[in-house]
Amino acid sequence: MEESTQVPRDIWHRVMAWLRESWLQLRVFVAVLSIVRFSLLIPMILIVTLIAADQMIDLLRALGEDQEGVAVVWLLSTSAFAGLTVWYSARTMLRFRFASNPASDRKVHPRLKRWLPGILGVAIPASLTIRVALLAYISTHAKGLWYFALALVAITGAVAFYIFQRHNLARRTGLHLLAEEEGTEARNLERWRELQPTTKKVFYTLLAINVLFLACFSWDAFYQIGAPAKLGASAILLLGLGLTTVIGSALVYMGNHYSMPVLRLLAAWVVLCSINNDNHAVRETLQSGSHGFLTRPDMPAPGSLAQSPLGNLTASDYFQDWWRDLQHDVAESNGPIPVFVVAAEGGGMRAAYWTAAVMGALEEATKKRPTPFSRHVFAISGVSGGSVGAAIFDIALANRTRNSQLQRQADNQNWVDEMDGVLGKDFLSDTLGNALFPDLLQRFLPAPILNDRAIALEHSFERTWSTMHPREQLQLTSSFHDLWRDNPHMVPLLFFNSTVVETGQRAINSPLATSPITVDTTFADVLPLGRQIGTELPLSTAALLSARFTYVSPAGLINTHPEETNRADLPTWMRIVDGGYFDNSGAVTAQELARAIIAARSRYKNEHPSEPQRPMQVIVLHLPNSPLQPSADLNAQQRASSGHKWMSELLAPLNSLLNTRSARGTQAVSYLKGEPNVKLLTIRPQITRVAAPLGWVLSGQVRDEMRRQLDCDTASDNSATTPLCWVERLINTGAADDPPVTGANVSAIL
């Protein structure tokens, strides 16, 4: 009996001893990895980005398919640079012996310390090679991508050959600079000054490169010549990751050498600096900046700024004037006059492109009519990228209405081509470069001294527009309200939707009702931004204030001027973010505008009973930009799912908050379906082989797929029944038949 109980005890002790030994070995292994944590982190970030980030995938697709030669060369160069920097940083760090970390001794995991730096370095170009090759395999424009992949194979091979064969290469060629002093370099170094001179020179060179690019991305002229776009967003990311490895490794060295929690102290310093270093103020005028001198800017009160030419009109008041002119312009027809309110959904450049392209296609198809499509659009409710697309369409239209010669020239230019020419550019490089260099440095400074990435993004839109339209009077640098200074009824009103960080409520920026004494009851529980910051701000700023989806674009800081605006209930300083946090569809504002139109129409008829009244048909044109997945596919996915979720208890609250964002938009659109006397039309892109990313750059293939769906003659055999083609026919022929069923509305002619 005693022997039988002894056996289980021995087994138990052996198991526990094995677990203890495995745990100790794991701790030693992790301690080794902690020495090169930044060299390890950078490839991991890149690999995750290449797998999960649609924007990064589309950037690579754009480089290969669109054959952007200069940007491709920069990507190849920076992939080699990042790989070699990661390798060299890890290799150098593993040569130190830190008293605070016994695992740094050269005798601990010697093979791991020998091979790990090289593997991490090669992983950078190798992961890019695999991703591009997979894109080429599934692409319909594969030739350029295969050449791109082959170039990356060559870069990967060159990096691997140098890392693992540099001694032989130096010995055979006699170029000892390829591996200078490496054979005699000691290990178990105690301090920085024991490093070989070559290693120190490499570090100082990398530090100088970091300072150089920091200076470049802090210099306005660098953006004005379009240098970041020539580098390309992918190359800028790799450059930033590579240089981060150097700085991060230096901080790890300091922490281990001086036995201090340097990284934690630095994080605490960032938190402390954040109290006073906010450099994200919204530009109230073209001359404004994102900060003042070592402090927040002195934002002028709205009363001291140039006032909107539309004055203190409410939406209902403006509509009565607008409707009177429209009735006069369409006097040749006796049918109901269509009045459109457009709801442009958010979604980055995908939303901007789809919004501008759809409206451009409708304008192109109806531009020969006395009242084209744009003349029937009362207002556009934009969110995020939808606001950007609406702004681009409106400024192109406003310039035409101001200049008859420009209008005649524009008659020979396709609207969709123009929208593609503006929005088909790279708008990510500017803001990414600013984010990785000056704006990142700003987080460590106790006071604001550098312009932020939001202004960099605004400047990129302004530069692209002015490059394509150098002779036009209105630019994206023009004041928001200048669009309606001449012939205001010819340009649809813009209602840019945002969200207030402090209250969670909706904020709307429009050129209407900017005076504190004017109360516009059209909108419920809304912060009217025109009263807080005026309407003199540049059009680019106004549009992107609706598209500040962190963390690409930071929350915009505004001064509410409660003493002037009679809003003592508001805090003096508030932050504004993307309108998609509240409603990504733009349908809430569109519904309120439609109700205001109907109410104004009824009031006008009562006030002018003797005037002949034309019937009116109110149509809300909803422009979502994400393809709708068939319910059958969704049901199949749900049936195939086991119901098991990874970390569900931890992630359920976060997933609920994120999914609520899109669900609220769906609910807002469903309310429109039941709105009396309003028709709802939805023009949505179809599912294609290429997913359009949520970001600020689109590849040529994604844009081509969107444009193909806008041609009523070639889109499909039943294209005449699509909502877009129905709108074209309605404007061109006055057809009053029922539109395609996209919403079960109670439709009535008012």
# chains A, B, ... in the order shown; residues from 1 in each chain; ligands from 1
call {"tool": "select_by_dssp", "arguments": {"residues": "segment 284-393 of chain A", "states": "alpha helix (DSSP H)", "output": "number ranges by chain"}}
result
A: 315-329, 348-366, 385-393
call {"tool": "write_last_selection", "arguments": {"atoms": "N, CA and C atoms", "output": "compact mmCIF listing (two decimals), in the first residue's frame"}}
result
# COMPACT_ATOMS: atom_id res chain seq x y z
N ALA A 315 -33.07 76.64 -42.67
CA ALA A 315 -33.22 75.73 -43.81
C ALA A 315 -34.57 75.94 -44.49
N SER A 316 -35.62 76.14 -43.73
CA SER A 316 -36.95 76.35 -44.30
C SER A 316 -37.02 77.66 -45.06
N ASP A 317 -36.43 78.73 -44.50
CA ASP A 317 -36.43 80.02 -45.18
C ASP A 317 -35.68 79.95 -46.50
N TYR A 318 -34.53 79.33 -46.46
CA TYR A 318 -33.72 79.22 -47.67
C TYR A 318 -34.45 78.40 -48.73
N PHE A 319 -35.13 77.34 -48.30
CA PHE A 319 -35.81 76.49 -49.27
C PHE A 319 -36.89 77.26 -50.03
N GLN A 320 -37.61 78.14 -49.37
CA GLN A 320 -38.68 78.88 -50.06
C GLN A 320 -38.11 79.70 -51.21
N ASP A 321 -36.98 80.37 -50.99
CA ASP A 321 -36.34 81.12 -52.07
C ASP A 321 -35.82 80.18 -53.15
N TRP A 322 -35.21 79.11 -52.72
CA TRP A 322 -34.66 78.13 -53.66
C TRP A 322 -35.76 77.52 -54.50
N TRP A 323 -36.89 77.18 -53.90
CA TRP A 323 -38.00 76.54 -54.61
C TRP A 323 -38.65 77.50 -55.61
N ARG A 324 -38.73 78.75 -55.26
CA ARG A 324 -39.31 79.73 -56.16
C ARG A 324 -38.49 79.82 -57.45
N ASP A 325 -37.17 79.84 -57.31
CA ASP A 325 -36.31 79.89 -58.49
C ASP A 325 -36.38 78.60 -59.30
N LEU A 326 -36.45 77.47 -58.63
CA LEU A 326 -36.50 76.20 -59.33
C LEU A 326 -37.79 76.09 -60.15
N GLN A 327 -38.91 76.50 -59.59
CA GLN A 327 -40.17 76.47 -60.34
C GLN A 327 -40.06 77.28 -61.63
N HIS A 328 -39.41 78.42 -61.53
CA HIS A 328 -39.25 79.28 -62.71
C HIS A 328 -38.37 78.62 -63.76
N ASP A 329 -37.31 77.91 -63.31
CA ASP A 329 -36.36 77.32 -64.25
C ASP A 329 -36.92 76.12 -64.99
N GLY A 348 -14.16 57.03 -45.49
CA GLY A 348 -12.85 57.41 -46.01
C GLY A 348 -12.89 57.77 -47.49
N MET A 349 -11.79 57.48 -48.19
CA MET A 349 -11.71 57.82 -49.61
C MET A 349 -12.70 57.01 -50.43
N ARG A 350 -13.04 55.82 -49.98
CA ARG A 350 -14.06 55.03 -50.68
C ARG A 350 -15.37 55.79 -50.73
N ALA A 351 -15.75 56.41 -49.62
CA ALA A 351 -16.98 57.19 -49.56
C ALA A 351 -16.85 58.47 -50.39
N ALA A 352 -15.70 59.15 -50.29
CA ALA A 352 -15.50 60.38 -51.05
C ALA A 352 -15.60 60.11 -52.54
N TYR A 353 -14.95 59.05 -52.99
CA TYR A 353 -14.94 58.74 -54.42
C TYR A 353 -16.32 58.34 -54.90
N TRP A 354 -17.01 57.48 -54.16
CA TRP A 354 -18.32 57.02 -54.59
C TRP A 354 -19.33 58.17 -54.61
N THR A 355 -19.29 59.02 -53.60
CA THR A 355 -20.21 60.16 -53.56
C THR A 355 -19.98 61.08 -54.75
N ALA A 356 -18.73 61.49 -54.96
CA ALA A 356 -18.44 62.40 -56.06
C ALA A 356 -18.69 61.76 -57.41
N ALA A 357 -18.37 60.46 -57.55
CA ALA A 357 -18.55 59.79 -58.84
C ALA A 357 -20.02 59.62 -59.18
N VAL A 358 -20.86 59.24 -58.20
CA VAL A 358 -22.29 59.07 -58.46
C VAL A 358 -22.91 60.41 -58.85
N MET A 359 -22.63 61.44 -58.08
CA MET A 359 -23.21 62.74 -58.40
C MET A 359 -22.63 63.29 -59.70
N GLY A 360 -21.35 63.01 -59.96
CA GLY A 360 -20.77 63.42 -61.23
C GLY A 360 -21.40 62.70 -62.41
N ALA A 361 -21.68 61.41 -62.25
CA ALA A 361 -22.32 60.65 -63.33
C ALA A 361 -23.72 61.18 -63.62
N LEU A 362 -24.47 61.49 -62.57
CA LEU A 362 -25.81 62.05 -62.76
C LEU A 362 -25.75 63.43 -63.40
N GLU A 363 -24.77 64.23 -63.01
CA GLU A 363 -24.62 65.56 -63.62
C GLU A 363 -24.20 65.44 -65.08
N GLU A 364 -23.31 64.51 -65.37
CA GLU A 364 -22.87 64.32 -66.74
C GLU A 364 -24.02 63.89 -67.64
N ALA A 365 -24.87 63.01 -67.13
CA ALA A 365 -25.98 62.50 -67.94
C ALA A 365 -27.08 63.53 -68.16
N THR A 366 -27.11 64.56 -67.32
CA THR A 366 -28.21 65.54 -67.40
C THR A 366 -27.72 66.95 -67.67
N GLY A 385 -15.89 60.68 -45.21
CA GLY A 385 -15.49 60.77 -46.60
C GLY A 385 -16.58 61.26 -47.52
N GLY A 386 -17.84 60.98 -47.15
CA GLY A 386 -18.95 61.49 -47.95
C GLY A 386 -18.96 63.01 -47.98
N SER A 387 -18.54 63.65 -46.90
CA SER A 387 -18.44 65.11 -46.86
C SER A 387 -17.36 65.60 -47.82
N VAL A 388 -16.24 64.88 -47.88
CA VAL A 388 -15.16 65.26 -48.78
C VAL A 388 -15.62 65.17 -50.23
N GLY A 389 -16.29 64.06 -50.58
CA GLY A 389 -16.79 63.91 -51.94
C GLY A 389 -17.81 64.97 -52.30
N ALA A 390 -18.69 65.31 -51.35
CA ALA A 390 -19.69 66.35 -51.59
C ALA A 390 -19.03 67.70 -51.79
N ALA A 391 -17.98 67.99 -51.02
CA ALA A 391 -17.27 69.27 -51.15
C ALA A 391 -16.60 69.38 -52.52
N ILE A 392 -16.00 68.29 -53.00
CA ILE A 392 -15.35 68.31 -54.31
C ILE A 392 -16.37 68.54 -55.41
N PHE A 393 -17.51 67.87 -55.33
CA PHE A 393 -18.56 68.07 -56.34
C PHE A 393 -19.07 69.50 -56.30
call {"tool": "residues_around", "arguments": {"residues": "Phe81 of chain A", "least_positions_apart": "5", "cutoff": "9 Å", "atoms": "only C-alpha atoms", "output": "PyMOL selection string"}}
result
chain A and resi 76+86+238-239+242
call {"tool": "write_last_selection", "arguments": {"atoms": "N, CA and C atoms", "output": "mmCIF file, in the first residue's frame"}}
result
data_model
loop_
_atom_site.group_PDB
_atom_site.id
_atom_site.type_symbol
_atom_site.label_atom_id
_atom_site.label_comp_id
_atom_site.auth_asym_id
_atom_site.auth_seq_id
_atom_site.Cartn_x
_atom_site.Cartn_y
_atom_site.Cartn_z
ATOM 1 N N LEU A 76 10.911 49.679 -52.466
ATOM 2 C CA LEU A 76 11.979 48.680 -52.493
ATOM 3 C C LEU A 76 13.152 49.128 -51.625
ATOM 4 N N VAL A 86 16.399 46.830 -38.668
ATOM 5 C CA VAL A 86 15.909 45.899 -37.648
ATOM 6 C C VAL A 86 16.993 44.888 -37.286
ATOM 7 N N LEU A 238 7.386 52.153 -43.770
ATOM 8 C CA LEU A 238 8.586 51.350 -43.548
ATOM 9 C C LEU A 238 9.727 52.204 -43.011
ATOM 10 N N LEU A 239 9.847 53.409 -43.529
ATOM 11 C CA LEU A 239 10.874 54.316 -43.036
ATOM 12 C C LEU A 239 10.656 54.631 -41.564
ATOM 13 N N GLY A 242 11.413 51.525 -39.415
ATOM 14 C CA GLY A 242 12.845 51.269 -39.292
ATOM 15 C C GLY A 242 13.523 52.213 -38.320
#
call {"tool": "residues_around", "arguments": {"residues": "Ser100 of chain A", "least_positions_apart": "6", "cutoff": "8 Å", "atoms": "only C-alpha atoms", "output": "number ranges by chain"}}
result
A: 256-257, 259
call {"tool": "residues_around", "arguments": {"residues": "segment 551-554 of chain A", "least_positions_apart": "2", "cutoff": "6 Å", "atoms": "only C-alpha atoms", "output": "count of residues only"}}
result
3
call {"tool": "closest_residue", "arguments": {"among": "A:Val339, A:Ile449, A:Leu557, A:Phe461", "to": "Pro492 of chain A", "atoms": "only C-alpha atoms"}}
result
A:Val339
call {"tool": "decode", "arguments": {"residues": "segment 188-287 of chain A", "atoms": "C-alpha atoms", "output": "PDB file, in the first residue's frame"}}
result
ATOM      1  CA  ASN A 188      29.227  40.959 -23.275  1.00  0.00           C
ATOM      2  CA  LEU A 189      29.877  44.675 -23.639  1.00  0.00           C
ATOM      3  CA  GLU A 190      29.203  46.708 -20.526  1.00  0.00           C
ATOM      4  CA  ARG A 191      28.555  50.155 -21.966  1.00  0.00           C
ATOM      5  CA  TRP A 192      28.010  52.143 -25.136  1.00  0.00           C
ATOM      6  CA  ARG A 193      31.574  53.432 -25.494  1.00  0.00           C
ATOM      7  CA  GLU A 194      32.893  49.861 -25.822  1.00  0.00           C
ATOM      8  CA  LEU A 195      31.192  49.487 -29.192  1.00  0.00           C
ATOM      9  CA  GLN A 196      33.354  49.501 -32.290  1.00  0.00           C
ATOM     10  CA  PRO A 197      33.612  52.857 -34.116  1.00  0.00           C
ATOM     11  CA  THR A 198      31.762  51.488 -37.141  1.00  0.00           C
ATOM     12  CA  THR A 199      28.709  50.618 -35.072  1.00  0.00           C
ATOM     13  CA  LYS A 200      28.688  54.052 -33.505  1.00  0.00           C
ATOM     14  CA  LYS A 201      28.918  55.675 -36.935  1.00  0.00           C
ATOM     15  CA  VAL A 202      25.974  53.611 -38.161  1.00  0.00           C
ATOM     16  CA  PHE A 203      23.902  54.667 -35.156  1.00  0.00           C
ATOM     17  CA  TYR A 204      24.756  58.344 -35.611  1.00  0.00           C
ATOM     18  CA  THR A 205      23.932  58.077 -39.308  1.00  0.00           C
ATOM     19  CA  LEU A 206      20.534  56.568 -38.569  1.00  0.00           C
ATOM     20  CA  LEU A 207      19.903  59.263 -35.973  1.00  0.00           C
ATOM     21  CA  ALA A 208      20.802  61.922 -38.567  1.00  0.00           C
ATOM     22  CA  ILE A 209      18.388  60.328 -41.070  1.00  0.00           C
ATOM     23  CA  ASN A 210      15.661  60.473 -38.447  1.00  0.00           C
ATOM     24  CA  VAL A 211      16.351  64.168 -37.795  1.00  0.00           C
ATOM     25  CA  LEU A 212      16.439  64.841 -41.542  1.00  0.00           C
ATOM     26  CA  PHE A 213      13.015  63.339 -42.190  1.00  0.00           C
ATOM     27  CA  LEU A 214      11.648  64.978 -39.060  1.00  0.00           C
ATOM     28  CA  ALA A 215      12.752  68.323 -40.466  1.00  0.00           C
ATOM     29  CA  CYS A 216      11.366  67.516 -43.930  1.00  0.00           C
ATOM     30  CA  PHE A 217       7.927  66.503 -42.654  1.00  0.00           C
ATOM     31  CA  SER A 218       7.857  69.621 -40.459  1.00  0.00           C
ATOM     32  CA  TRP A 219       8.590  71.863 -43.447  1.00  0.00           C
ATOM     33  CA  ASP A 220       5.597  73.193 -45.404  1.00  0.00           C
ATOM     34  CA  ALA A 221       7.514  73.355 -48.678  1.00  0.00           C
ATOM     35  CA  PHE A 222       8.103  69.601 -48.461  1.00  0.00           C
ATOM     36  CA  TYR A 223       4.329  69.097 -48.727  1.00  0.00           C
ATOM     37  CA  GLN A 224       3.806  71.823 -51.312  1.00  0.00           C
ATOM     38  CA  ILE A 225       6.015  70.048 -53.855  1.00  0.00           C
ATOM     39  CA  GLY A 226       4.180  66.787 -53.198  1.00  0.00           C
ATOM     40  CA  ALA A 227       7.262  64.987 -51.867  1.00  0.00           C
ATOM     41  CA  PRO A 228       5.372  62.663 -49.462  1.00  0.00           C
ATOM     42  CA  ALA A 229       3.156  61.385 -52.296  1.00  0.00           C
ATOM     43  CA  LYS A 230       6.264  60.659 -54.371  1.00  0.00           C
ATOM     44  CA  LEU A 231       7.674  58.653 -51.487  1.00  0.00           C
ATOM     45  CA  GLY A 232       4.391  56.794 -51.075  1.00  0.00           C
ATOM     46  CA  ALA A 233       2.562  55.858 -47.905  1.00  0.00           C
ATOM     47  CA  SER A 234       4.033  52.335 -47.813  1.00  0.00           C
ATOM     48  CA  ALA A 235       7.597  53.625 -48.015  1.00  0.00           C
ATOM     49  CA  ILE A 236       6.911  56.241 -45.344  1.00  0.00           C
ATOM     50  CA  LEU A 237       5.511  53.534 -43.062  1.00  0.00           C
ATOM     51  CA  LEU A 238       8.586  51.350 -43.548  1.00  0.00           C
ATOM     52  CA  LEU A 239      10.874  54.316 -43.036  1.00  0.00           C
ATOM     53  CA  GLY A 240       9.104  55.234 -39.816  1.00  0.00           C
ATOM     54  CA  LEU A 241       9.142  51.657 -38.547  1.00  0.00           C
ATOM     55  CA  GLY A 242      12.845  51.269 -39.292  1.00  0.00           C
ATOM     56  CA  LEU A 243      13.824  54.479 -37.525  1.00  0.00           C
ATOM     57  CA  THR A 244      11.537  53.657 -34.596  1.00  0.00           C
ATOM     58  CA  THR A 245      13.584  50.486 -34.116  1.00  0.00           C
ATOM     59  CA  VAL A 246      16.748  52.541 -33.634  1.00  0.00           C
ATOM     60  CA  ILE A 247      15.240  55.007 -31.158  1.00  0.00           C
ATOM     61  CA  GLY A 248      13.370  52.285 -29.291  1.00  0.00           C
ATOM     62  CA  SER A 249      16.450  50.098 -28.994  1.00  0.00           C
ATOM     63  CA  ALA A 250      18.420  53.031 -27.600  1.00  0.00           C
ATOM     64  CA  LEU A 251      15.744  53.541 -24.950  1.00  0.00           C
ATOM     65  CA  VAL A 252      15.824  49.833 -24.067  1.00  0.00           C
ATOM     66  CA  TYR A 253      19.620  50.064 -23.714  1.00  0.00           C
ATOM     67  CA  MET A 254      19.292  53.009 -21.336  1.00  0.00           C
ATOM     68  CA  GLY A 255      16.672  51.223 -19.256  1.00  0.00           C
ATOM     69  CA  ASN A 256      18.760  48.076 -18.912  1.00  0.00           C
ATOM     70  CA  HIS A 257      22.086  49.837 -18.450  1.00  0.00           C
ATOM     71  CA  TYR A 258      20.879  52.239 -15.764  1.00  0.00           C
ATOM     72  CA  SER A 259      18.338  49.809 -14.260  1.00  0.00           C
ATOM     73  CA  MET A 260      15.543  52.316 -14.754  1.00  0.00           C
ATOM     74  CA  PRO A 261      12.018  51.882 -16.208  1.00  0.00           C
ATOM     75  CA  VAL A 262      12.788  54.328 -19.021  1.00  0.00           C
ATOM     76  CA  LEU A 263       9.862  53.327 -21.230  1.00  0.00           C
ATOM     77  CA  ARG A 264       7.370  53.603 -18.380  1.00  0.00           C
ATOM     78  CA  LEU A 265       8.772  56.948 -17.314  1.00  0.00           C
ATOM     79  CA  LEU A 266       8.540  58.134 -20.911  1.00  0.00           C
ATOM     80  CA  ALA A 267       4.916  56.988 -21.096  1.00  0.00           C
ATOM     81  CA  ALA A 268       4.153  58.896 -17.913  1.00  0.00           C
ATOM     82  CA  TRP A 269       5.836  61.963 -19.411  1.00  0.00           C
ATOM     83  CA  VAL A 270       3.624  61.709 -22.500  1.00  0.00           C
ATOM     84  CA  VAL A 271       0.537  61.585 -20.294  1.00  0.00           C
ATOM     85  CA  LEU A 272       1.743  64.633 -18.378  1.00  0.00           C
ATOM     86  CA  CYS A 273       2.525  66.575 -21.572  1.00  0.00           C
ATOM     87  CA  SER A 274      -0.897  65.806 -23.037  1.00  0.00           C
ATOM     88  CA  ILE A 275      -2.460  68.340 -20.653  1.00  0.00           C
ATOM     89  CA  ASN A 276      -0.948  71.271 -22.540  1.00  0.00           C
ATOM     90  CA  ASN A 277       0.452  70.102 -25.895  1.00  0.00           C
ATOM     91  CA  ASP A 278      -2.775  69.735 -27.900  1.00  0.00           C
ATOM     92  CA  ASN A 279      -1.866  70.896 -31.424  1.00  0.00           C
ATOM     93  CA  HIS A 280      -5.148  69.889 -33.090  1.00  0.00           C
ATOM     94  CA  ALA A 281      -7.038  73.182 -33.185  1.00  0.00           C
ATOM     95  CA  VAL A 282      -9.408  73.668 -36.115  1.00  0.00           C
ATOM     96  CA  ARG A 283      -8.448  76.391 -38.582  1.00  0.00           C
ATOM     97  CA  GLU A 284     -11.089  79.124 -38.363  1.00  0.00           C
ATOM     98  CA  THR A 285      -9.446  81.004 -41.234  1.00  0.00           C
ATOM     99  CA  LEU A 286      -6.894  80.146 -43.891  1.00  0.00           C
ATOM    100  CA  GLN A 287      -4.218  81.950 -41.869  1.00  0.00           C
TER     101      GLN A 287
END
